[in-house]
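File shown: data30.cif (mmCIF, C-alpha atoms).
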data_start
#
loop_
_atom_site.label_atom_id
_atom_site.label_comp_id
_atom_site.auth_asym_id
_atom_site.auth_seq_id
_atom_site.Cartn_x
_atom_site.Cartn_y
_atom_site.Cartn_z
CA MET G 1 -38.80 22.11 1.31
CA GLY G 2 -34.99 21.57 1.07
CA GLY G 3 -32.91 24.39 -0.37
CA LEU G 4 -29.53 24.43 -2.06
CA THR G 5 -26.26 24.48 -0.18
CA LYS G 6 -24.08 27.48 -0.89
CA ASP G 7 -20.95 25.54 -1.80
CA THR G 8 -22.15 22.63 -3.86
CA GLY G 9 -25.71 23.19 -4.94
CA ALA G 10 -26.61 19.80 -3.45
CA PRO G 11 -30.03 19.29 -1.89
CA ALA G 12 -30.08 20.24 1.78
CA ALA G 13 -32.59 19.84 4.57
CA ASP G 14 -33.74 22.95 6.41
CA GLY G 15 -35.56 23.47 9.65
CA ARG G 16 -39.06 23.28 8.15
CA ALA G 17 -38.24 19.97 6.51
CA ALA G 18 -37.01 18.30 9.68
CA ASP G 19 -40.09 16.13 10.11
CA GLY G 20 -41.73 16.31 6.72
CA PRO G 21 -41.13 15.45 3.07
CA GLY G 22 -38.01 17.65 2.90
CA ARG G 23 -36.38 15.43 5.50
CA ARG G 24 -37.07 12.39 3.39
CA THR G 25 -35.71 14.20 0.32
CA ALA G 26 -32.46 15.03 2.06
CA ARG G 27 -32.16 11.51 3.38
CA GLY G 28 -32.80 10.06 -0.06
CA ALA G 29 -30.26 12.36 -1.66
CA GLY G 30 -27.69 11.51 0.99
CA ALA G 31 -28.33 7.82 0.64
CA ALA G 32 -27.78 8.04 -3.07
CA GLY G 33 -24.45 9.71 -2.47
CA THR G 34 -23.30 7.43 0.33
CA THR G 35 -24.45 4.01 -0.70
CA GLY G 36 -24.75 4.09 -4.47
CA ALA G 37 -26.79 1.67 -6.49
CA ALA G 38 -24.69 -1.43 -6.46
CA GLY G 39 -21.50 -0.93 -4.49
CA PRO G 40 -18.13 -0.61 -6.22
CA GLY G 41 -19.37 -2.25 -9.40
CA PRO G 42 -17.50 -4.11 -12.16
CA ARG G 43 -16.14 -0.97 -13.84
CA ALA G 44 -14.20 0.11 -10.76
CA GLY G 45 -12.87 -3.43 -10.39
CA LEU G 46 -11.70 -3.45 -14.00
CA VAL G 47 -10.00 -0.08 -13.62
CA GLY G 48 -8.33 -1.29 -10.43
CA SER G 49 -7.05 -4.42 -12.16
CA VAL G 50 -5.66 -2.37 -15.06
CA LEU G 51 -3.95 0.03 -12.68
CA GLY G 52 -2.50 -2.85 -10.68
CA GLY G 53 -0.99 -4.37 -13.82
CA ALA G 54 0.29 -0.97 -14.93
CA LEU G 55 1.95 -0.47 -11.53
CA LEU G 56 3.75 -3.80 -11.77
CA ALA G 57 4.93 -2.97 -15.31
CA ALA G 58 6.04 0.52 -14.25
CA LEU G 59 8.00 -0.82 -11.28
CA THR G 60 9.72 -3.37 -13.49
CA ALA G 61 10.65 -0.71 -16.05
CA ALA G 62 11.87 1.66 -13.33
CA VAL G 63 14.24 -1.00 -11.98
CA ALA G 64 15.43 -2.19 -15.38
CA LEU G 65 16.03 1.15 -17.12
CA GLY G 66 18.55 3.83 -16.32
CA SER G 67 22.08 4.89 -17.13
CA THR G 68 22.85 1.16 -17.23
CA ASP G 69 20.01 -0.99 -18.53
CA VAL G 70 19.50 -4.30 -16.74
CA PRO G 71 17.90 -7.29 -18.53
CA LEU G 72 14.57 -8.34 -17.08
CA SER G 73 15.91 -11.80 -16.22
CA GLN G 74 18.61 -10.22 -14.05
CA VAL G 75 16.09 -7.85 -12.49
CA TRP G 76 13.84 -10.61 -11.24
CA SER G 77 16.70 -12.89 -10.18
CA ALA G 78 18.20 -10.01 -8.17
CA VAL G 79 14.83 -9.32 -6.55
CA VAL G 80 14.36 -12.99 -5.67
CA ARG G 81 17.86 -13.17 -4.15
CA GLY G 82 17.22 -10.00 -2.17
CA VAL G 83 13.84 -11.18 -0.84
CA THR G 84 15.19 -14.60 0.14
CA GLY G 85 18.30 -13.15 1.77
CA GLY G 86 20.76 -14.44 -0.82
CA GLU G 87 24.13 -12.82 -1.40
CA PRO G 88 24.62 -10.55 -4.47
CA VAL G 89 26.34 -12.35 -7.34
CA PRO G 90 29.67 -10.68 -8.26
CA GLY G 91 29.82 -9.27 -11.77
CA THR G 92 26.04 -8.82 -12.04
CA SER G 93 23.69 -5.88 -11.53
CA ASP G 94 22.38 -7.13 -8.19
CA LEU G 95 23.60 -4.13 -6.21
CA ILE G 96 22.16 -1.66 -8.74
CA VAL G 97 18.79 -3.40 -8.67
CA TRP G 98 18.47 -4.18 -4.97
CA GLN G 99 20.26 -1.29 -3.27
CA LEU G 100 19.53 1.63 -5.61
CA ARG G 101 16.68 1.25 -8.07
CA LEU G 102 14.16 -0.98 -6.30
CA PRO G 103 13.88 1.08 -3.08
CA ARG G 104 13.60 4.24 -5.16
CA ALA G 105 10.85 2.76 -7.35
CA LEU G 106 8.96 1.51 -4.30
CA LEU G 107 9.28 4.89 -2.57
CA ALA G 108 7.93 6.57 -5.72
CA ALA G 109 4.94 4.20 -5.63
CA VAL G 110 4.30 4.87 -1.93
CA VAL G 111 4.60 8.65 -2.26
CA GLY G 112 2.46 8.70 -5.41
CA ALA G 113 -0.21 6.58 -3.72
CA GLY G 114 -0.17 8.88 -0.71
CA LEU G 115 -0.45 12.05 -2.79
CA GLY G 116 -3.36 10.65 -4.81
CA LEU G 117 -5.08 9.56 -1.60
CA VAL G 118 -4.56 12.88 0.20
CA GLY G 119 -5.59 14.90 -2.85
CA THR G 120 -8.90 13.06 -3.04
CA ALA G 121 -9.53 13.45 0.69
CA VAL G 122 -8.64 17.16 0.78
CA GLN G 123 -10.92 17.92 -2.17
CA ALA G 124 -13.75 16.26 -0.25
CA LEU G 125 -12.75 17.95 3.01
CA VAL G 126 -12.93 21.51 1.65
CA ARG G 127 -15.42 20.74 -1.15
CA ASN G 128 -13.12 22.31 -3.72
CA PRO G 129 -11.99 20.43 -6.87
CA LEU G 130 -8.87 22.61 -7.09
CA ALA G 131 -7.60 21.57 -3.66
CA ASP G 132 -4.41 19.52 -3.40
CA PRO G 133 -2.34 18.02 -0.55
CA TYR G 134 -0.39 21.27 -0.11
CA LEU G 135 -3.39 23.58 0.30
CA LEU G 136 -3.52 23.36 4.10
CA GLY G 137 -0.03 24.72 4.76
CA VAL G 138 1.60 21.55 6.11
CA SER G 139 4.00 21.20 3.18
CA SER G 140 5.26 24.75 3.74
CA GLY G 141 6.19 23.81 7.29
CA ALA G 142 7.96 20.69 6.06
CA SER G 143 9.84 22.72 3.46
CA LEU G 144 10.93 25.24 6.08
CA GLY G 145 12.19 22.48 8.37
CA ALA G 146 14.14 20.79 5.57
CA VAL G 147 15.64 24.02 4.25
CA ALA G 148 16.67 25.03 7.77
CA ALA G 149 18.42 21.69 8.19
CA ILE G 150 20.24 22.09 4.84
CA VAL G 151 21.21 25.75 5.16
CA LEU G 152 21.91 25.95 8.88
CA GLY G 153 23.32 22.44 8.98
CA ALA G 154 24.70 21.37 12.33
CA GLY G 155 23.30 24.52 13.93
CA VAL G 156 19.81 23.02 13.72
CA GLY G 157 20.26 19.34 13.03
CA GLY G 158 23.05 18.88 15.53
CA ALA G 159 21.38 20.86 18.29
CA LEU G 160 18.04 19.10 17.93
CA GLY G 161 19.32 15.74 16.76
CA LEU G 162 17.32 15.94 13.53
CA GLY G 163 18.20 14.70 10.08
CA LEU G 164 16.71 16.16 6.92
CA SER G 165 13.54 14.05 6.93
CA SER G 166 13.06 14.48 10.67
CA ALA G 167 13.48 18.25 10.43
CA ALA G 168 10.95 18.35 7.58
CA PHE G 169 8.42 16.34 9.58
CA ALA G 170 8.95 18.54 12.63
CA GLY G 171 8.24 21.58 10.47
CA ALA G 172 5.11 19.90 9.14
CA LEU G 173 3.86 19.27 12.68
CA ALA G 174 4.51 22.90 13.62
CA ALA G 175 2.54 24.09 10.58
CA PHE G 176 -0.28 21.68 11.44
CA ALA G 177 -0.47 23.10 14.97
CA LEU G 178 -0.63 26.67 13.62
CA VAL G 179 -3.37 25.89 11.10
CA TRP G 180 -5.31 23.97 13.75
CA ALA G 181 -5.11 26.88 16.19
CA VAL G 182 -6.29 29.38 13.58
CA ALA G 183 -9.01 27.21 12.02
CA ARG G 184 -10.66 26.18 15.30
CA ARG G 185 -11.21 29.79 16.44
CA GLY G 186 -14.94 30.45 16.41
CA GLY G 187 -15.74 26.82 17.21
CA GLY G 188 -15.72 25.23 13.76
CA PHE G 189 -13.63 23.73 10.99
CA SER G 190 -15.53 25.13 8.04
CA PRO G 191 -14.00 24.66 4.55
CA LEU G 192 -13.44 28.40 4.21
CA ARG G 193 -11.66 28.62 7.57
CA LEU G 194 -9.42 25.66 6.75
CA VAL G 195 -8.46 27.00 3.33
CA LEU G 196 -7.77 30.53 4.55
CA ALA G 197 -5.82 29.29 7.57
CA GLY G 198 -3.81 26.89 5.43
CA VAL G 199 -3.01 29.47 2.76
CA GLY G 200 -2.13 32.12 5.34
CA VAL G 201 0.16 29.89 7.38
CA GLY G 202 1.69 28.46 4.20
CA GLN G 203 2.57 31.89 2.83
CA PHE G 204 3.93 33.00 6.21
CA LEU G 205 6.26 29.99 6.43
CA SER G 206 7.23 30.26 2.76
CA GLY G 207 8.60 33.73 3.51
CA PHE G 208 11.00 32.25 6.07
CA THR G 209 11.96 29.53 3.60
CA SER G 210 12.81 32.11 0.93
CA TYR G 211 14.92 34.02 3.44
CA LEU G 212 16.89 30.88 4.31
CA VAL G 213 17.45 30.13 0.63
CA LEU G 214 18.96 33.60 0.24
CA ARG G 215 21.23 32.85 3.19
CA ALA G 216 22.58 29.66 1.60
CA GLY G 217 26.34 29.75 1.90
CA ASP G 218 27.39 28.46 -1.50
CA GLU G 219 26.06 27.49 -4.91
CA GLN G 220 26.04 23.77 -4.15
CA GLN G 221 23.98 24.34 -1.01
CA THR G 222 21.51 26.50 -2.95
CA GLN G 223 21.16 23.84 -5.64
CA GLY G 224 20.54 21.21 -2.97
CA VAL G 225 17.78 23.32 -1.41
CA LEU G 226 16.07 24.03 -4.73
CA PHE G 227 16.34 20.40 -5.83
CA TRP G 228 14.67 19.26 -2.61
CA LEU G 229 11.97 21.92 -2.83
CA MET G 230 11.07 20.76 -6.36
CA GLY G 231 10.84 17.15 -5.25
CA SER G 232 13.38 14.36 -5.38
CA LEU G 233 13.44 10.64 -4.63
CA GLY G 234 17.21 10.36 -4.93
CA GLY G 235 17.64 9.74 -1.21
CA ALA G 236 15.55 6.55 -1.24
CA ARG G 237 17.00 3.68 0.78
CA TRP G 238 15.43 0.60 2.27
CA GLU G 239 15.46 2.19 5.72
CA THR G 240 13.42 5.17 4.45
CA LEU G 241 10.56 3.00 3.19
CA PRO G 242 8.80 1.59 6.29
CA VAL G 243 7.53 4.87 7.81
CA PRO G 244 5.87 6.30 4.65
CA ALA G 245 4.59 2.86 3.61
CA VAL G 246 2.94 2.17 6.96
CA THR G 247 1.59 5.73 7.16
CA VAL G 248 0.01 5.57 3.69
CA ALA G 249 -1.51 2.14 4.41
CA ALA G 250 -2.95 3.37 7.71
CA GLY G 251 -4.22 6.53 6.04
CA LEU G 252 -5.99 4.51 3.35
CA VAL G 253 -7.69 2.37 5.98
CA ALA G 254 -8.74 5.42 8.02
CA LEU G 255 -10.10 7.32 5.02
CA GLN G 256 -11.82 4.28 3.52
CA ALA G 257 -13.62 3.74 6.82
CA ARG G 258 -15.00 7.29 6.51
CA ALA G 259 -15.84 7.12 2.81
CA ARG G 260 -19.62 7.03 3.31
CA ALA G 261 -19.51 10.04 5.60
CA LEU G 262 -17.26 11.83 3.11
CA ASN G 263 -19.78 11.18 0.35
CA ALA G 264 -22.44 12.86 2.49
CA LEU G 265 -20.09 15.73 3.36
CA GLN G 266 -19.63 16.53 -0.33
CA MET G 267 -23.35 17.24 -0.56
CA GLY G 268 -23.15 19.99 2.07
CA ASP G 269 -22.93 20.27 5.84
CA GLU G 270 -26.70 20.42 6.37
CA THR G 271 -27.35 17.30 4.34
CA ALA G 272 -24.50 15.44 6.04
CA ALA G 273 -25.79 16.44 9.48
CA ALA G 274 -29.31 15.32 8.51
CA LEU G 275 -27.84 11.91 7.68
CA GLY G 276 -26.26 11.63 11.11
CA VAL G 277 -22.70 12.71 10.25
CA ARG G 278 -20.82 14.64 12.93
CA VAL G 279 -19.59 17.27 10.49
CA ALA G 280 -17.17 19.19 12.72
CA GLY G 281 -15.73 16.01 14.20
CA LEU G 282 -15.32 14.40 10.78
CA ARG G 283 -13.59 17.49 9.44
CA ARG G 284 -11.17 17.52 12.37
CA GLU G 285 -10.37 13.83 11.85
CA LEU G 286 -9.78 14.35 8.13
CA PHE G 287 -7.56 17.34 8.79
CA VAL G 288 -5.40 15.30 11.18
CA VAL G 289 -5.13 12.31 8.82
CA THR G 290 -4.35 14.36 5.71
CA SER G 291 -1.87 16.57 7.57
CA VAL G 292 0.08 13.63 8.98
CA LEU G 293 0.14 11.95 5.57
CA THR G 294 1.30 15.12 3.85
CA GLY G 295 4.00 15.75 6.44
CA VAL G 296 5.41 12.24 6.14
CA LEU G 297 5.35 12.29 2.33
CA VAL G 298 6.98 15.70 1.98
CA SER G 299 9.64 14.76 4.53
CA VAL G 300 10.90 11.90 2.32
CA SER G 301 10.36 13.34 -1.16
CA GLY G 302 10.06 17.13 -1.04
CA ALA G 303 7.06 18.93 -2.50
CA ILE G 304 5.94 17.13 -5.67
CA GLY G 305 3.14 19.06 -7.32
CA PHE G 306 0.15 18.17 -9.50
CA VAL G 307 -0.10 14.48 -8.52
CA GLY G 308 -2.63 15.10 -5.75
CA LEU G 309 -4.52 17.59 -7.91
CA MET G 310 -4.63 15.73 -11.22
CA VAL G 311 -5.10 12.10 -10.17
CA PRO G 312 -8.51 12.50 -8.44
CA HIS G 313 -9.94 14.25 -11.52
CA ALA G 314 -8.69 11.50 -13.84
CA CYS G 315 -10.14 8.78 -11.62
CA ARG G 316 -13.51 10.53 -11.36
CA LEU G 317 -13.82 10.47 -15.14
CA VAL G 318 -13.60 6.68 -15.26
CA ALA G 319 -15.02 5.60 -11.89
CA GLY G 320 -17.41 8.34 -10.76
CA GLY G 321 -17.41 10.33 -7.55
CA ASP G 322 -18.18 7.63 -4.97
CA LEU G 323 -15.26 7.87 -2.55
CA ARG G 324 -15.46 4.19 -1.67
CA ARG G 325 -14.15 3.56 -5.19
CA LEU G 326 -12.28 6.80 -5.70
CA LEU G 327 -9.91 6.58 -2.72
CA PRO G 328 -8.22 3.24 -3.58
CA LEU G 329 -8.22 4.00 -7.31
CA SER G 330 -6.59 7.39 -6.72
CA ALA G 331 -3.91 5.70 -4.61
CA LEU G 332 -3.17 3.19 -7.38
CA ALA G 333 -3.20 5.82 -10.12
CA GLY G 334 -0.93 8.11 -8.10
CA ALA G 335 1.53 5.28 -7.58
CA VAL G 336 1.65 4.47 -11.31
CA LEU G 337 2.04 8.12 -12.28
CA LEU G 338 4.90 8.91 -9.91
CA VAL G 339 6.85 5.75 -10.75
CA VAL G 340 6.66 6.64 -14.45
CA VAL G 341 7.50 10.30 -13.80
CA ASP G 342 10.51 9.39 -11.64
CA LEU G 343 11.77 7.07 -14.38
CA ALA G 344 11.45 9.91 -16.89
CA ALA G 345 13.23 12.31 -14.52
CA ARG G 346 16.18 9.90 -14.30
CA THR G 347 16.46 9.03 -17.97
CA VAL G 348 15.13 11.83 -20.18
CA LEU G 349 18.43 13.75 -20.11
CA PRO G 350 21.80 11.99 -20.41
CA ASP G 351 24.02 12.28 -17.33
CA GLN G 352 21.56 14.55 -15.54
CA GLU G 353 18.61 13.98 -13.24
CA LEU G 354 15.65 16.36 -13.24
CA PRO G 355 13.70 17.19 -10.09
CA VAL G 356 10.56 15.08 -10.05
CA GLY G 357 8.38 18.15 -9.48
CA VAL G 358 9.59 19.68 -12.75
CA VAL G 359 8.41 16.65 -14.72
CA THR G 360 5.07 16.41 -12.90
CA SER G 361 4.41 20.09 -13.65
CA LEU G 362 5.30 19.74 -17.33
CA ILE G 363 3.04 16.70 -17.66
CA GLY G 364 0.40 17.65 -15.11
CA ALA G 365 -0.56 21.15 -16.22
CA PRO G 366 -1.61 20.20 -19.79
CA ALA G 367 -3.18 16.95 -18.59
CA LEU G 368 -5.20 18.75 -15.91
CA LEU G 369 -6.45 21.33 -18.41
CA TYR G 370 -7.52 18.52 -20.73
CA LEU G 371 -9.32 16.68 -17.93
CA LEU G 372 -11.11 19.82 -16.80
CA ASP G 373 -12.13 20.53 -20.39
CA ARG G 374 -13.57 17.02 -20.61
CA ARG G 375 -15.52 17.53 -17.39
CA LEU G 376 -16.92 20.87 -18.59
CA GLU G 377 -18.08 19.28 -21.85
CA ARG G 378 -20.23 16.79 -19.96
CA PRO G 379 -23.92 17.74 -19.75
#
In C-alpha cells, how does this file's structure come out?
Amino acid sequence: MGGLTKDTGAPAADGRAADGPGRRTARGAGAAGTTGAAGPGPRAGLVGSVLGGALLAALTAAVALGSTDVPLSQVWSAVVRGVTGGEPVPGTSDLIVWQLRLPRALLAAVVGAGLGLVGTAVQALVRNPLADPYLLGVSSGASLGAVAAIVLGAGVGGALGLGLSSAAFAGALAAFALVWAVARRGGGFSPLRLVLAGVGVGQFLSGFTSYLVLRAGDEQQTQGVLFWLMGSLGGARWETLPVPAVTVAAGLVALQARARALNALQMGDETAAALGVRVAGLRRELFVVTSVLTGVLVSVSGAIGFVGLMVPHACRLVAGGDLRRLLPLSALAGAVLLVVVDLAARTVLPDQELPVGVVTSLIGAPALLYLLDRRLERP
C-alpha cells in the first residue's frame, strides 16, 4: 500500500500500488488536495472582500496622512483630477497627493502583493513553511547589483548604462543563473537542491555586498546603501509603477493556473507524479516565475523582510491551505500589510523616515511567533 513521503508525511503511491488499491488511495488523496470539496467557498470570498475594503482604506490613509495631513475631500478631488488629466489647482495639496504619496502607496501595494504571492509559491515549491521570497538567493544578487551601483557609481552604472533598479535586476538575473546551474546538476530540481543552492549562492553574493559596503566612500553613501538594503519605497514615481505592476499581475495569473498542480506537489513528489503532474518541469517553471518576481520587486524596493514569510501563514489560518484560494488572498493581505507598514515608517517618528524593513521586522517577528503558536495548538 502507499507509504509516507519523507518531507510531508502525505500519502504517496509506491510501485506495488501502481495498479491496485494504493493507486486509488493516492489518487483520492491528491484529488482532495487539488480540487477540494466545493471550490473557493463563501469564507474565502468573505475574507477577500474584507481585504479588498481594507486595502482601499489603507491606500486612502496612506495618501491622506503624513508630515502634512490632507483632508479626504482634497485627496479624492486630486485623484479625480489626476486620472482625468486635469491641471493641479494652485494652493492645494494636489502635487503632494498625485506626485508623491499616491505612487508610493500604489507601489507599496504592488510590492506587498508580490511578496505575499511569492512567499506562498516558494513555500509550496520547497515544501517548507519557513521559506520566504529571499530563500533562493535572487535577492542577494539584486542587493549586490544595487550596492555596486551606489558605491561604484558611474564606474558601473555609466559603463553599463544601468540605473539603480536596472543594476539590481541585473544582479538578480545573475544570481538566478547561478542557482539554476547549481540546482540542475544531477538532473533534478529537488527542494533540498534548490534550498541549498539558493542559500549557498546567497551567502556567496552577500560577502561581496558586505565588501562593497566597507568600501563606501563617505557616511552619506553608507547610509544610502544600508537604507536600500533594509527596504525603502521612497523612490516611488509613476514611471516606476508599470513594470512591477505588470510583473505581479502576470505572476499571479501564471501561479493561479498552476494552483491545482501545486496542491498536489505539497503532498509529495510521488503523489503528484501519480496524479499526472510533471514534477521536475513544474518546479523549474515555479523557480523561474518566483525568481523573476523577486528580482523585479527587490529592484524597486530593496529587501523587505517578513512579508512573504508571515502573510501565507496568516491566510492559511483563515482560508485553509488550498492554493487556489491562498494565492490571491496572500497577494491582497500582503498589499494591505505593506501599505500600512510604509505609512507607519513615514509617520511614526517626527521628521524622520524609517526603513520599511525595520518596521516589518518589528511587527513581523512577534506576529509570526503568535501565528505559529496558534498553528501548533491546533489538533
Hey, what's within 9 Å of Ser67 (chain G) if we count all atoms listed in the file and toss same-chain stuff fewer than 2 positions away? As a PyMOL selection string, please? chain G and resi 65+69+346-347+350-351
Now that the selection is made, can you save its residues with C-alpha atoms as a PDB file, keeping the file's coordinate frame?
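Saved the output as result-v2.pdb:
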ATOM      1  CA  LEU G  65      16.030   1.150 -17.120  1.00  0.00           C
ATOM      2  CA  ASP G  69      20.010  -0.990 -18.530  1.00  0.00           C
ATOM      3  CA  ARG G 346      16.180   9.900 -14.300  1.00  0.00           C
ATOM      4  CA  THR G 347      16.460   9.030 -17.970  1.00  0.00           C
ATOM      5  CA  PRO G 350      21.800  11.990 -20.410  1.00  0.00           C
ATOM      6  CA  ASP G 351      24.020  12.280 -17.330  1.00  0.00           C
TER       7      ASP G 351
END
Please report, as a tab-separated table, each residue of region 219-333 of chain G lying at most 10 Å from region 43-60 of chain G, together with the nearest pair of atoms and the separation in Å rounded to one decimal; use all atoms listed in the file, and order rows by chain and ascending residue number.
residue	atom	partner	partner_atom	distance
G:Cys315	CA	G:Val47	CA	9.1
G:Val318	CA	G:Val47	CA	7.8
G:Ala319	CA	G:Ala44	CA	5.7
G:Gly320	CA	G:Ala44	CA	8.8
G:Arg325	CA	G:Ala44	CA	6.6
G:Leu326	CA	G:Ala44	CA	8.6
G:Pro328	CA	G:Gly48	CA	8.2
G:Leu329	CA	G:Gly48	CA	6.1
G:Ser330	CA	G:Gly48	CA	9.6
G:Ala331	CA	G:Leu51	CA	9.9
G:Leu332	CA	G:Leu51	CA	6.2
G:Ala333	CA	G:Leu51	CA	6.4
Select from region 81-157 of chain G every residue with an atom at most 7 Å from any atom of region 203-208 of chain G, then for each give the shortest pair of atoms and their distance in Å to one decimal, using only C-alpha atoms, rows by chain and rising number, as CSV.
residue,atom,partner,partner_atom,distance
G:Ser140,CA,G:Ser206,CA,5.9
G:Gly141,CA,G:Leu205,CA,6.2
G:Leu144,CA,G:Leu205,CA,6.7
Nearest to Leu194 (chain G), chosen from G:Ala105, G:Leu135, G:Val359, G:Val248, with all atoms listed in the file counted in the distances: G:Leu135
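Here CA of Arg283 (chain G) and CA of Ser361 (chain G) stand 29.4 Å from one another.
In terms of minimum interatomic distance to Ala216 (chain G), G:Ala149 ranks closest within G:Ala149, G:Val288, G:Leu368, G:Met267, counting only C-alpha atoms.
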Would you list the contacts of Gly321 (chain G) as a PyMOL selection string, taking every protein, DNA or RNA residue within 12 Å and counting only C-alpha atoms, but skipping same-chain residues closer than 2 positions in sequence? chain G and resi 32-36+40+44+120-121+123-124+129+259-260+262-264+266-267+312-319+323-327+329-330
Can you measure CA of Val111 (chain G) to CA of Leu233 (chain G) for me? One decimal in Å is fine. 9.4 Å
Please write as a PDB file with C-alpha atoms, in the frame of the given file the full residue list that the PyMOL selection byres ((chain G and resi 199) around 12) yields on this file.
ATOM      1  CA  ALA G 131      -7.600  21.570  -3.660  1.00  0.00           C
ATOM      2  CA  ASP G 132      -4.410  19.520  -3.400  1.00  0.00           C
ATOM      3  CA  PRO G 133      -2.340  18.020  -0.550  1.00  0.00           C
ATOM      4  CA  TYR G 134      -0.390  21.270  -0.110  1.00  0.00           C
ATOM      5  CA  LEU G 135      -3.390  23.580   0.300  1.00  0.00           C
ATOM      6  CA  LEU G 136      -3.520  23.360   4.100  1.00  0.00           C
ATOM      7  CA  GLY G 137      -0.030  24.720   4.760  1.00  0.00           C
ATOM      8  CA  VAL G 138       1.600  21.550   6.110  1.00  0.00           C
ATOM      9  CA  SER G 139       4.000  21.200   3.180  1.00  0.00           C
ATOM     10  CA  SER G 140       5.260  24.750   3.740  1.00  0.00           C
ATOM     11  CA  GLY G 141       6.190  23.810   7.290  1.00  0.00           C
ATOM     12  CA  ALA G 175       2.540  24.090  10.580  1.00  0.00           C
ATOM     13  CA  PHE G 176      -0.280  21.680  11.440  1.00  0.00           C
ATOM     14  CA  LEU G 178      -0.630  26.670  13.620  1.00  0.00           C
ATOM     15  CA  VAL G 179      -3.370  25.890  11.100  1.00  0.00           C
ATOM     16  CA  VAL G 182      -6.290  29.380  13.580  1.00  0.00           C
ATOM     17  CA  ALA G 183      -9.010  27.210  12.020  1.00  0.00           C
ATOM     18  CA  LEU G 192     -13.440  28.400   4.210  1.00  0.00           C
ATOM     19  CA  ARG G 193     -11.660  28.620   7.570  1.00  0.00           C
ATOM     20  CA  LEU G 194      -9.420  25.660   6.750  1.00  0.00           C
ATOM     21  CA  VAL G 195      -8.460  27.000   3.330  1.00  0.00           C
ATOM     22  CA  LEU G 196      -7.770  30.530   4.550  1.00  0.00           C
ATOM     23  CA  ALA G 197      -5.820  29.290   7.570  1.00  0.00           C
ATOM     24  CA  GLY G 198      -3.810  26.890   5.430  1.00  0.00           C
ATOM     25  CA  GLY G 200      -2.130  32.120   5.340  1.00  0.00           C
ATOM     26  CA  VAL G 201       0.160  29.890   7.380  1.00  0.00           C
ATOM     27  CA  GLY G 202       1.690  28.460   4.200  1.00  0.00           C
ATOM     28  CA  GLN G 203       2.570  31.890   2.830  1.00  0.00           C
ATOM     29  CA  PHE G 204       3.930  33.000   6.210  1.00  0.00           C
ATOM     30  CA  LEU G 205       6.260  29.990   6.430  1.00  0.00           C
ATOM     31  CA  SER G 206       7.230  30.260   2.760  1.00  0.00           C
TER      32      SER G 206
END
Extract, using only C-alpha atoms, all DNA, RNA and protein residues at most 10 Å from Leu354 (chain G), discarding same-chain residues fewer than 3 positions from it, and format them as number ranges by chain. G: 227, 230-232, 342, 344-349, 357-359
Pick from G:Val80, G:Val339, G:Leu371, G:Leu102: nearest to Val63 (chain G), with only C-alpha atoms counted? G:Leu102
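Nearest to Ser190 (chain G) of all the residues G:Leu152, G:Leu265, G:Leu117, G:Leu337 is G:Leu265, counting all atoms listed in the file.
Here the question is which of G:Gln352, G:Glu285, G:Gly364, G:Gly145 gets nearest to Ala254 (chain G) using all atoms listed in the file, and that residue is G:Glu285.
The residue that comes closest to Ala142 (chain G), out of G:Val246, G:Leu293, G:Val79, G:Leu100 and on the basis of all atoms listed in the file, is G:Leu293.
Our summary of the geometry notes that CA of Gly235 (chain G) is positioned 23.3 Å from CA of Ala250 (chain G).
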Within 8 Å of region 167-169 of chain G, counting all atoms listed in the file, which residues show up once you throw out same-chain ones fewer than 2 positions away? Write them as a ChimeraX atom specification, please. /G:141-146,148-149,157,162-165,171-173,295-296,298-299
Give me, as a list of chain:residue names, all polymer residues having an atom no more than 8 Å from region 219-222 of chain G, counting all atoms listed in the file and skipping those fewer than 3 positions away in the same chain. G:Ile150, G:Val151, G:Val213, G:Ala216, G:Val225, G:Leu226
I need the output of the PyMOL selection byres ((chain G and resi 103) around 10) for this file as an MDAnalysis selection string; which residues are they? chainID G and resid 63 97:102 104:109 233 235:241
What would region 133-157 of chain G look like if you wrote it out as an mmCIF file, in the first residue's frame, with C-alpha atoms included, from the block I just posted?
data_model
loop_
_atom_site.group_PDB
_atom_site.id
_atom_site.type_symbol
_atom_site.label_atom_id
_atom_site.label_comp_id
_atom_site.auth_asym_id
_atom_site.auth_seq_id
_atom_site.Cartn_x
_atom_site.Cartn_y
_atom_site.Cartn_z
ATOM 1 C CA PRO G 133 10.920 35.043 -1.282
ATOM 2 C CA TYR G 134 14.601 35.554 -0.417
ATOM 3 C CA LEU G 135 15.456 31.908 0.259
ATOM 4 C CA LEU G 136 16.580 31.117 -3.291
ATOM 5 C CA GLY G 137 19.389 33.673 -3.466
ATOM 6 C CA VAL G 138 17.885 36.034 -6.050
ATOM 7 C CA SER G 139 17.534 38.931 -3.604
ATOM 8 C CA SER G 140 21.232 38.677 -2.714
ATOM 9 C CA GLY G 141 22.100 39.157 -6.364
ATOM 10 C CA ALA G 142 19.768 42.149 -6.582
ATOM 11 C CA SER G 143 21.312 43.645 -3.453
ATOM 12 C CA LEU G 144 24.815 43.197 -4.855
ATOM 13 C CA GLY G 145 23.842 44.897 -8.110
ATOM 14 C CA ALA G 146 22.224 47.836 -6.322
ATOM 15 C CA VAL G 147 25.069 48.291 -3.849
ATOM 16 C CA ALA G 148 27.608 48.161 -6.684
ATOM 17 C CA ALA G 149 25.679 50.892 -8.496
ATOM 18 C CA ILE G 150 25.564 53.059 -5.339
ATOM 19 C CA VAL G 151 29.143 52.561 -4.169
ATOM 20 C CA LEU G 152 30.937 52.378 -7.509
ATOM 21 C CA GLY G 153 28.606 54.924 -9.081
ATOM 22 C CA ALA G 154 29.484 55.906 -12.622
ATOM 23 C CA GLY G 155 32.123 53.166 -12.751
ATOM 24 C CA VAL G 156 29.352 50.578 -13.045
ATOM 25 C CA GLY G 157 26.208 52.458 -13.928
#
